[in-house]
Amino acid sequence: MSILKTEGLTYTYSAGTPFEKTAVDHVDLEIEDHTMVGVIGHTGSGKSTLMQHFNGLLRPTSGRILLEGKDIWADKKSMREVRFRVGLVFQYPEYQLFEETVYKDIAFGPKNMGLGDTEIKARVLECADALGLDRALLKRSPFALSGGQKRRAAIAGVMAMHPKVLILDEPCAGLDPKGRELMLRQIRDYQRRTGSTVLLVSHSMEDVAEFTEKLLVMSRSKLYCYEDTALVFRRAQALSEMGLRVPQIASVMGELRRRGYPIPEDVYTVAQAKAAVLSCLKGGSEAC
Amino acid sequence: MLKDITLGQYFPVESLLHRMDPRFKIVFTMLFIVMLFAGNSYLTLVIGAVFVLMAQLLSHIPLKMSWKSVKPILPVLVFTAVLNLLFIDSGDTLWEWRFLKITQGGITTSIFMICRILLLIVGSSLLTYTTSPILLTDAIESLLSPLKRIRFPVHEMAMMMSIALRFIPTLLEETDKIMSAQKARGASLDSGGLMQRVRALIPILIPLFISAFRRAEELATAMECRCYRGGEGRTRLRSLKAQPRDYAGLAVCLAFAAVSITVNILR
């Protein structure tokens, strides 16, 4: 079943002035439930603008957004409800922390939902654990944490609302490689455990190759495609024309294939490549 | 969106007035104000009006913009007019009720005042319409530089002003972003009673203050890294240089002022 659907979604900034710019142009899209979706696109391709439509922060100039089959703008009063069901984590979310303690900050969203104290506590602890935040940190001031810990606290604050759709805009920007890997793993585990849908905006092809099932590709304000990750990475040429590329390991494999080695298509993660190369080596020395 | 708030009133079109030296423009405006307030007859107002009209035509600023600057002070205008009308007691009495009196002198004075304030607003707003805030601070710094003799920190004041101006759009953008982020967490900013609304501002103001302090610190570091040590011996990318057109403008202004003063004396 589709959880999010857009019909002819169009958004124009500063309509009617000389600065008019269409950031999202007639996007028709249907995102299935329980999916890990990667969102890629060149800087300024309209990714972030599109994401802000999904929880009603921006109102489309024309077109509709359906959340579980219901137009989110049909009833303006239910907008808060929509924001609890579609959680959005902005880029550098650590700059929105404000409470006295990390605990209170993570509890801000659930509190706005009107949940009881025991439920809030359960959720705060659950999300802190999910992101590997030490429980001892919960009593500290969020401003006393390290950058990575702040980031985790901020993401936990949105996760704690238990949204059906969780959108993360570059959650790993500025983290070290190990922190990146860990964070993405935790996000994927969360997605699997809760059965929610996660939209992961990223500039790293390696990350989306490793962690997503489907890819949403934006190019020049338009939806280029929404397909299985494997299918998208077959289009190396088209991607590079959009200012994107396939993961490095996929280009290496492509080059090997071009030179006549029997490497199957759809190899775009290091693990897959390892298996492919090993089986190629075993398959007979005359081929390699 | 917050971003749509215009910064200052600068109206970027190409015109003679836009190109003029901002220091001269400030001087012109001051001369104009003196001329307007020293004048005591309708004839001086007409001279002022001609001056404003000329400047307006030279500036290529649409009349609609001037109306925009007059609109907010309309209440003040009405207030002054009513006060003058009711309390000035000279000439024939036309209407009387208890202590209120409308006299011929009152009517003429209030019309005179309205015209004077209107001219003042339209004329002086041309300065801010045709000069960008940054140029304006540069000009103020340059005009106030004699005050350095008495140890007044002119350069520092000007630097503070330009930094403040520079960061207004940045902070607005930041506010916009923080507001969106908190709305995404279910903060309701536009409902509830007064106390509730004030409390709803906390999740926005705290991150905003923290980021403002962070930016200030980063900027200070960046400036020190480039060996900024105040105004001493500092050169400029855009140095202000008076052109013949600026002196011509000054001559015109002085001529207007001279005519106005002559009219005042002869009367």
# chains A, B, ... in the order shown; residues from 1 in each chain; ligands from 1
call {"tool": "select_by_dssp", "arguments": {"residues": "stretch 9-164 of chain B", "states": "alpha helix (DSSP H)", "output": "PyMOL selection string"}}
result
chain B and resi 16-19+22-38+42-59+63-70+74-87+104-130+133-144+154-164
call {"tool": "residues_around", "arguments": {"residues": "B:Met65", "least_positions_apart": "4", "cutoff": "10 Å", "atoms": "only C-alpha atoms", "output": "tab-separated table (two decimals) with N, CA and C atoms, in the first residue's frame"}}
result
chain	number	residue	atom	x	y	z
B	9	GLN	N	15.23	50.16	2.82
B	9	GLN	CA	14.26	50.49	1.80
B	9	GLN	C	14.93	50.58	0.44
B	11	PHE	N	16.02	50.71	-3.09
B	11	PHE	CA	15.27	50.34	-4.28
B	11	PHE	C	16.23	50.36	-5.47
B	61	ILE	N	12.71	56.62	-8.95
B	61	ILE	CA	11.93	55.86	-7.97
B	61	ILE	C	10.45	56.09	-8.29
B	69	SER	N	6.27	55.19	1.80
B	69	SER	CA	6.97	55.73	2.97
B	69	SER	C	6.11	56.74	3.72
B	70	VAL	N	5.12	57.31	3.02
B	70	VAL	CA	4.25	58.29	3.69
B	70	VAL	C	3.20	57.57	4.55
B	122	VAL	N	8.89	62.56	2.03
B	122	VAL	CA	9.15	62.14	0.65
B	122	VAL	C	10.60	62.45	0.28
B	125	SER	N	13.18	60.24	2.35
B	125	SER	CA	13.17	58.81	2.04
B	125	SER	C	13.88	58.53	0.72
B	126	LEU	N	14.02	59.59	-0.11
B	126	LEU	CA	14.78	59.38	-1.35
B	126	LEU	C	16.21	58.96	-1.02
B	129	TYR	N	16.09	55.30	-0.31
B	129	TYR	CA	15.70	54.54	-1.50
B	129	TYR	C	16.85	54.40	-2.49
call {"tool": "residues_around", "arguments": {"residues": "A:Leu133", "least_positions_apart": "4", "cutoff": "8 Å", "atoms": "only C-alpha atoms", "output": "ChimeraX atom specification"}}
result
/A:128-129,137,149,152-153
call {"tool": "write_last_selection", "arguments": {"atoms": "all heavy atoms", "output": "short mmCIF file (atom, residue, chain, number, x, y, z; two decimals), in the first residue's frame"}}
result
data_model
loop_
_atom_site.label_atom_id
_atom_site.label_comp_id
_atom_site.auth_asym_id
_atom_site.auth_seq_id
_atom_site.Cartn_x
_atom_site.Cartn_y
_atom_site.Cartn_z
N ALA A 128 16.76 6.99 22.54
CA ALA A 128 18.15 7.24 22.93
C ALA A 128 18.95 5.96 22.73
O ALA A 128 20.06 5.99 22.18
CB ALA A 128 18.21 7.68 24.38
N ASP A 129 18.37 4.81 23.12
CA ASP A 129 19.07 3.53 22.93
C ASP A 129 19.26 3.23 21.45
O ASP A 129 20.33 2.81 21.02
CB ASP A 129 18.26 2.39 23.57
CG ASP A 129 18.28 2.49 25.09
OD1 ASP A 129 19.11 3.27 25.60
OD2 ASP A 129 17.47 1.81 25.75
N LEU A 137 23.74 10.55 29.53
CA LEU A 137 23.76 11.87 28.87
C LEU A 137 22.41 12.57 28.95
O LEU A 137 22.32 13.78 28.80
CB LEU A 137 24.12 11.70 27.39
CG LEU A 137 25.54 11.24 27.06
CD1 LEU A 137 25.70 11.05 25.57
CD2 LEU A 137 26.54 12.26 27.58
N GLN A 149 26.94 13.68 19.28
CA GLN A 149 25.91 13.37 20.27
C GLN A 149 24.72 14.30 20.13
O GLN A 149 23.56 13.89 20.24
CB GLN A 149 26.50 13.47 21.68
CG GLN A 149 27.46 12.33 22.00
CD GLN A 149 28.27 12.61 23.24
OE1 GLN A 149 28.51 13.75 23.62
NE2 GLN A 149 28.72 11.54 23.88
N ARG A 152 22.61 13.12 17.34
CA ARG A 152 21.80 11.96 17.73
C ARG A 152 20.61 12.36 18.58
O ARG A 152 19.50 11.86 18.41
CB ARG A 152 22.67 10.96 18.48
CG ARG A 152 23.56 10.18 17.56
CD ARG A 152 24.75 9.57 18.24
NE ARG A 152 25.75 9.28 17.24
CZ ARG A 152 25.70 8.21 16.45
NH1 ARG A 152 24.76 7.33 16.60
NH2 ARG A 152 26.61 8.03 15.52
N ALA A 153 20.86 13.30 19.51
CA ALA A 153 19.77 13.75 20.37
C ALA A 153 18.66 14.39 19.53
O ALA A 153 17.48 14.13 19.75
CB ALA A 153 20.30 14.75 21.39
#
call {"tool": "closest_atom_pairs", "arguments": {"of": "stretch 110-166 of chain B", "to": "stretch 214-236 of chain B", "cutoff": "10 Å", "atoms": "only C-alpha atoms", "output": "Markdown table"}}
result
| residue | atom | partner | partner_atom | distance |
| --- | --- | --- | --- | --- |
| B:Asp138 | CA | B:Arg236 | CA | 9.9 |
| B:Pro153 | CA | B:Gly231 | CA | 9.2 |
| B:Val154 | CA | B:Gly231 | CA | 8.8 |
| B:His155 | CA | B:Gly231 | CA | 5.6 |
| B:Glu156 | CA | B:Gly230 | CA | 6.9 |
| B:Ala158 | CA | B:Gly231 | CA | 9.9 |
| B:Met159 | CA | B:Gly230 | CA | 8.8 |
| B:Ile163 | CA | B:Leu219 | CA | 9.6 |
call {"tool": "atom_distance", "arguments": {"atom1": "atom CA of A:Gln52", "atom2": "atom CA of A:Phe90"}}
result
9.2 Å
call {"tool": "interface_residues", "arguments": {"of": "chain A", "to": "chain B", "cutoff": "6 Å", "atoms": "only C-alpha atoms", "output": "MDAnalysis selection string"}}
result
chainID A and resid 80 83 96 98 109 112
call {"tool": "atom_distance", "arguments": {"atom1": "atom CA of B:Gly123", "atom2": "atom CA of B:Pro169"}}
result
27.2 Å
call {"tool": "select_by_dssp", "arguments": {"residues": "stretch 2-133 of chain B", "states": "strand (DSSP E)", "output": "PyMOL selection string"}}
result
chain B and resi 93-97+100-103
call {"tool": "write_last_selection", "arguments": {"atoms": "all heavy atoms", "output": "compact mmCIF listing (two decimals), in the first residue's frame"}}
result
# COMPACT_ATOMS: atom_id res chain seq x y z
N THR B 93 -12.19 84.04 14.10
CA THR B 93 -12.71 82.78 14.63
C THR B 93 -13.84 82.30 13.72
O THR B 93 -14.76 83.05 13.40
CB THR B 93 -13.24 82.97 16.06
OG1 THR B 93 -12.20 83.52 16.84
CG2 THR B 93 -13.70 81.64 16.63
N LEU B 94 -13.76 81.06 13.31
CA LEU B 94 -14.76 80.54 12.40
C LEU B 94 -15.77 79.66 13.13
O LEU B 94 -16.91 79.53 12.74
CB LEU B 94 -14.09 79.72 11.28
CG LEU B 94 -13.08 80.48 10.43
CD1 LEU B 94 -12.39 79.54 9.47
CD2 LEU B 94 -13.76 81.61 9.68
N TRP B 95 -15.29 79.02 14.23
CA TRP B 95 -16.17 78.06 14.93
C TRP B 95 -15.68 77.96 16.36
O TRP B 95 -14.47 78.05 16.63
CB TRP B 95 -16.05 76.73 14.19
CG TRP B 95 -16.83 75.59 14.81
CD1 TRP B 95 -18.15 75.32 14.61
CD2 TRP B 95 -16.31 74.59 15.68
NE1 TRP B 95 -18.50 74.20 15.31
CE2 TRP B 95 -17.39 73.73 15.98
CE3 TRP B 95 -15.07 74.34 16.25
CZ2 TRP B 95 -17.24 72.63 16.83
CZ3 TRP B 95 -14.93 73.25 17.08
CH2 TRP B 95 -16.00 72.40 17.37
N GLU B 96 -16.57 77.80 17.30
CA GLU B 96 -16.13 77.79 18.70
C GLU B 96 -17.01 76.87 19.51
O GLU B 96 -18.23 76.83 19.36
CB GLU B 96 -16.21 79.22 19.25
CG GLU B 96 -15.34 79.41 20.45
CD GLU B 96 -15.27 80.88 20.85
OE1 GLU B 96 -15.77 81.74 20.12
OE2 GLU B 96 -14.72 81.14 21.92
N TRP B 97 -16.39 76.09 20.38
CA TRP B 97 -17.16 75.23 21.29
C TRP B 97 -16.35 75.03 22.55
O TRP B 97 -15.27 74.46 22.51
CB TRP B 97 -17.46 73.89 20.60
CG TRP B 97 -18.27 72.97 21.44
CD1 TRP B 97 -19.61 73.08 21.70
CD2 TRP B 97 -17.80 71.81 22.14
NE1 TRP B 97 -20.01 72.05 22.51
CE2 TRP B 97 -18.92 71.26 22.79
CE3 TRP B 97 -16.57 71.20 22.26
CZ2 TRP B 97 -18.82 70.11 23.58
CZ3 TRP B 97 -16.49 70.06 23.04
CH2 TRP B 97 -17.61 69.52 23.70
N LEU B 100 -12.49 74.83 22.64
CA LEU B 100 -12.01 74.56 21.28
C LEU B 100 -12.41 75.67 20.34
O LEU B 100 -13.51 76.21 20.42
CB LEU B 100 -12.59 73.24 20.77
CG LEU B 100 -12.20 72.00 21.57
CD1 LEU B 100 -12.93 70.78 21.03
CD2 LEU B 100 -10.70 71.79 21.52
N LYS B 101 -11.50 75.99 19.47
CA LYS B 101 -11.72 77.13 18.60
C LYS B 101 -11.06 76.85 17.27
O LYS B 101 -9.92 76.38 17.23
CB LYS B 101 -11.05 78.35 19.24
CG LYS B 101 -11.83 79.64 19.11
CD LYS B 101 -10.94 80.75 19.54
CE LYS B 101 -11.66 81.68 20.52
NZ LYS B 101 -10.73 82.70 21.01
N ILE B 102 -11.77 77.09 16.20
CA ILE B 102 -11.10 77.00 14.90
C ILE B 102 -10.98 78.40 14.34
O ILE B 102 -11.98 79.10 14.20
CB ILE B 102 -11.86 76.08 13.93
CG1 ILE B 102 -11.77 74.64 14.44
CG2 ILE B 102 -11.26 76.17 12.53
CD1 ILE B 102 -12.41 73.64 13.54
N THR B 103 -9.73 78.78 14.05
CA THR B 103 -9.51 80.12 13.54
C THR B 103 -8.88 80.04 12.17
O THR B 103 -8.38 78.98 11.77
CB THR B 103 -8.54 80.90 14.45
OG1 THR B 103 -7.31 80.19 14.47
CG2 THR B 103 -9.09 81.05 15.85
call {"tool": "residues_around", "arguments": {"residues": "stretch 36-48 of chain A", "least_positions_apart": "3", "cutoff": "8 Å", "atoms": "only C-alpha atoms", "output": "PyMOL selection string"}}
result
chain A and resi 23-24+51-52+169+188+191+197-203+208+211-222+242-244
call {"tool": "decode", "arguments": {"residues": "stretch 59-77 of chain B", "atoms": "N, CA, C and O atoms", "output": "mmCIF file, in the first residue's frame"}}
result
data_model
loop_
_atom_site.group_PDB
_atom_site.id
_atom_site.type_symbol
_atom_site.label_atom_id
_atom_site.label_comp_id
_atom_site.auth_asym_id
_atom_site.auth_seq_id
_atom_site.Cartn_x
_atom_site.Cartn_y
_atom_site.Cartn_z
ATOM 1 N N SER B 59 15.676 60.344 -9.639
ATOM 2 C CA SER B 59 15.997 59.103 -8.931
ATOM 3 C C SER B 59 15.397 57.865 -9.578
ATOM 4 O O SER B 59 15.778 56.745 -9.238
ATOM 5 N N HIS B 60 14.437 58.071 -10.499
ATOM 6 C CA HIS B 60 13.742 56.938 -11.137
ATOM 7 C C HIS B 60 13.012 56.057 -10.122
ATOM 8 O O HIS B 60 12.804 54.878 -10.352
ATOM 9 N N ILE B 61 12.712 56.622 -8.953
ATOM 10 C CA ILE B 61 11.928 55.864 -7.972
ATOM 11 C C ILE B 61 10.454 56.092 -8.288
ATOM 12 O O ILE B 61 10.028 57.233 -8.418
ATOM 13 N N PRO B 62 9.691 55.016 -8.456
ATOM 14 C CA PRO B 62 8.271 55.217 -8.770
ATOM 15 C C PRO B 62 7.546 55.928 -7.622
ATOM 16 O O PRO B 62 7.886 55.744 -6.447
ATOM 17 N N LEU B 63 6.550 56.744 -7.970
ATOM 18 C CA LEU B 63 5.821 57.511 -6.957
ATOM 19 C C LEU B 63 5.163 56.601 -5.926
ATOM 20 O O LEU B 63 4.987 56.975 -4.777
ATOM 21 N N LYS B 64 4.822 55.392 -6.394
ATOM 22 C CA LYS B 64 4.188 54.419 -5.501
ATOM 23 C C LYS B 64 5.069 54.162 -4.270
ATOM 24 O O LYS B 64 4.573 54.010 -3.153
ATOM 25 N N MET B 65 6.383 54.133 -4.485
ATOM 26 C CA MET B 65 7.303 53.871 -3.371
ATOM 27 C C MET B 65 7.254 55.017 -2.359
ATOM 28 O O MET B 65 7.299 54.797 -1.164
ATOM 29 N N SER B 66 7.158 56.253 -2.867
ATOM 30 C CA SER B 66 7.096 57.397 -1.962
ATOM 31 C C SER B 66 5.820 57.323 -1.136
ATOM 32 O O SER B 66 5.813 57.619 0.054
ATOM 33 N N TRP B 67 4.753 56.926 -1.760
ATOM 34 C CA TRP B 67 3.494 56.772 -1.036
ATOM 35 C C TRP B 67 3.673 55.744 0.079
ATOM 36 O O TRP B 67 3.183 55.901 1.184
ATOM 37 N N LYS B 68 4.440 54.694 -0.210
ATOM 38 C CA LYS B 68 4.673 53.650 0.785
ATOM 39 C C LYS B 68 5.388 54.204 2.018
ATOM 40 O O LYS B 68 5.160 53.742 3.127
ATOM 41 N N SER B 69 6.274 55.192 1.803
ATOM 42 C CA SER B 69 6.974 55.727 2.973
ATOM 43 C C SER B 69 6.108 56.736 3.723
ATOM 44 O O SER B 69 6.332 56.991 4.903
ATOM 45 N N VAL B 70 5.119 57.313 3.025
ATOM 46 C CA VAL B 70 4.254 58.292 3.693
ATOM 47 C C VAL B 70 3.204 57.570 4.546
ATOM 48 O O VAL B 70 2.855 58.006 5.633
ATOM 49 N N LYS B 71 2.745 56.433 4.056
ATOM 50 C CA LYS B 71 1.620 55.727 4.681
ATOM 51 C C LYS B 71 1.782 55.511 6.197
ATOM 52 O O LYS B 71 0.852 55.817 6.946
ATOM 53 N N PRO B 72 2.927 55.013 6.658
ATOM 54 C CA PRO B 72 3.005 54.742 8.106
ATOM 55 C C PRO B 72 2.909 55.985 8.975
ATOM 56 O O PRO B 72 2.566 55.869 10.154
ATOM 57 N N ILE B 73 3.217 57.168 8.433
ATOM 58 C CA ILE B 73 3.187 58.345 9.304
ATOM 59 C C ILE B 73 1.872 59.125 9.158
ATOM 60 O O ILE B 73 1.726 60.205 9.741
ATOM 61 N N LEU B 74 0.916 58.578 8.414
ATOM 62 C CA LEU B 74 -0.368 59.258 8.258
ATOM 63 C C LEU B 74 -1.013 59.611 9.602
ATOM 64 O O LEU B 74 -1.505 60.727 9.774
ATOM 65 N N PRO B 75 -1.025 58.691 10.585
ATOM 66 C CA PRO B 75 -1.627 59.042 11.886
ATOM 67 C C PRO B 75 -0.964 60.266 12.510
ATOM 68 O O PRO B 75 -1.657 61.147 13.036
ATOM 69 N N VAL B 76 0.360 60.334 12.442
ATOM 70 C CA VAL B 76 1.086 61.479 12.990
ATOM 71 C C VAL B 76 0.633 62.754 12.293
ATOM 72 O O VAL B 76 0.416 63.800 12.921
ATOM 73 N N LEU B 77 0.492 62.641 10.989
ATOM 74 C CA LEU B 77 0.091 63.773 10.163
ATOM 75 C C LEU B 77 -1.271 64.298 10.604
ATOM 76 O O LEU B 77 -1.458 65.498 10.838
#
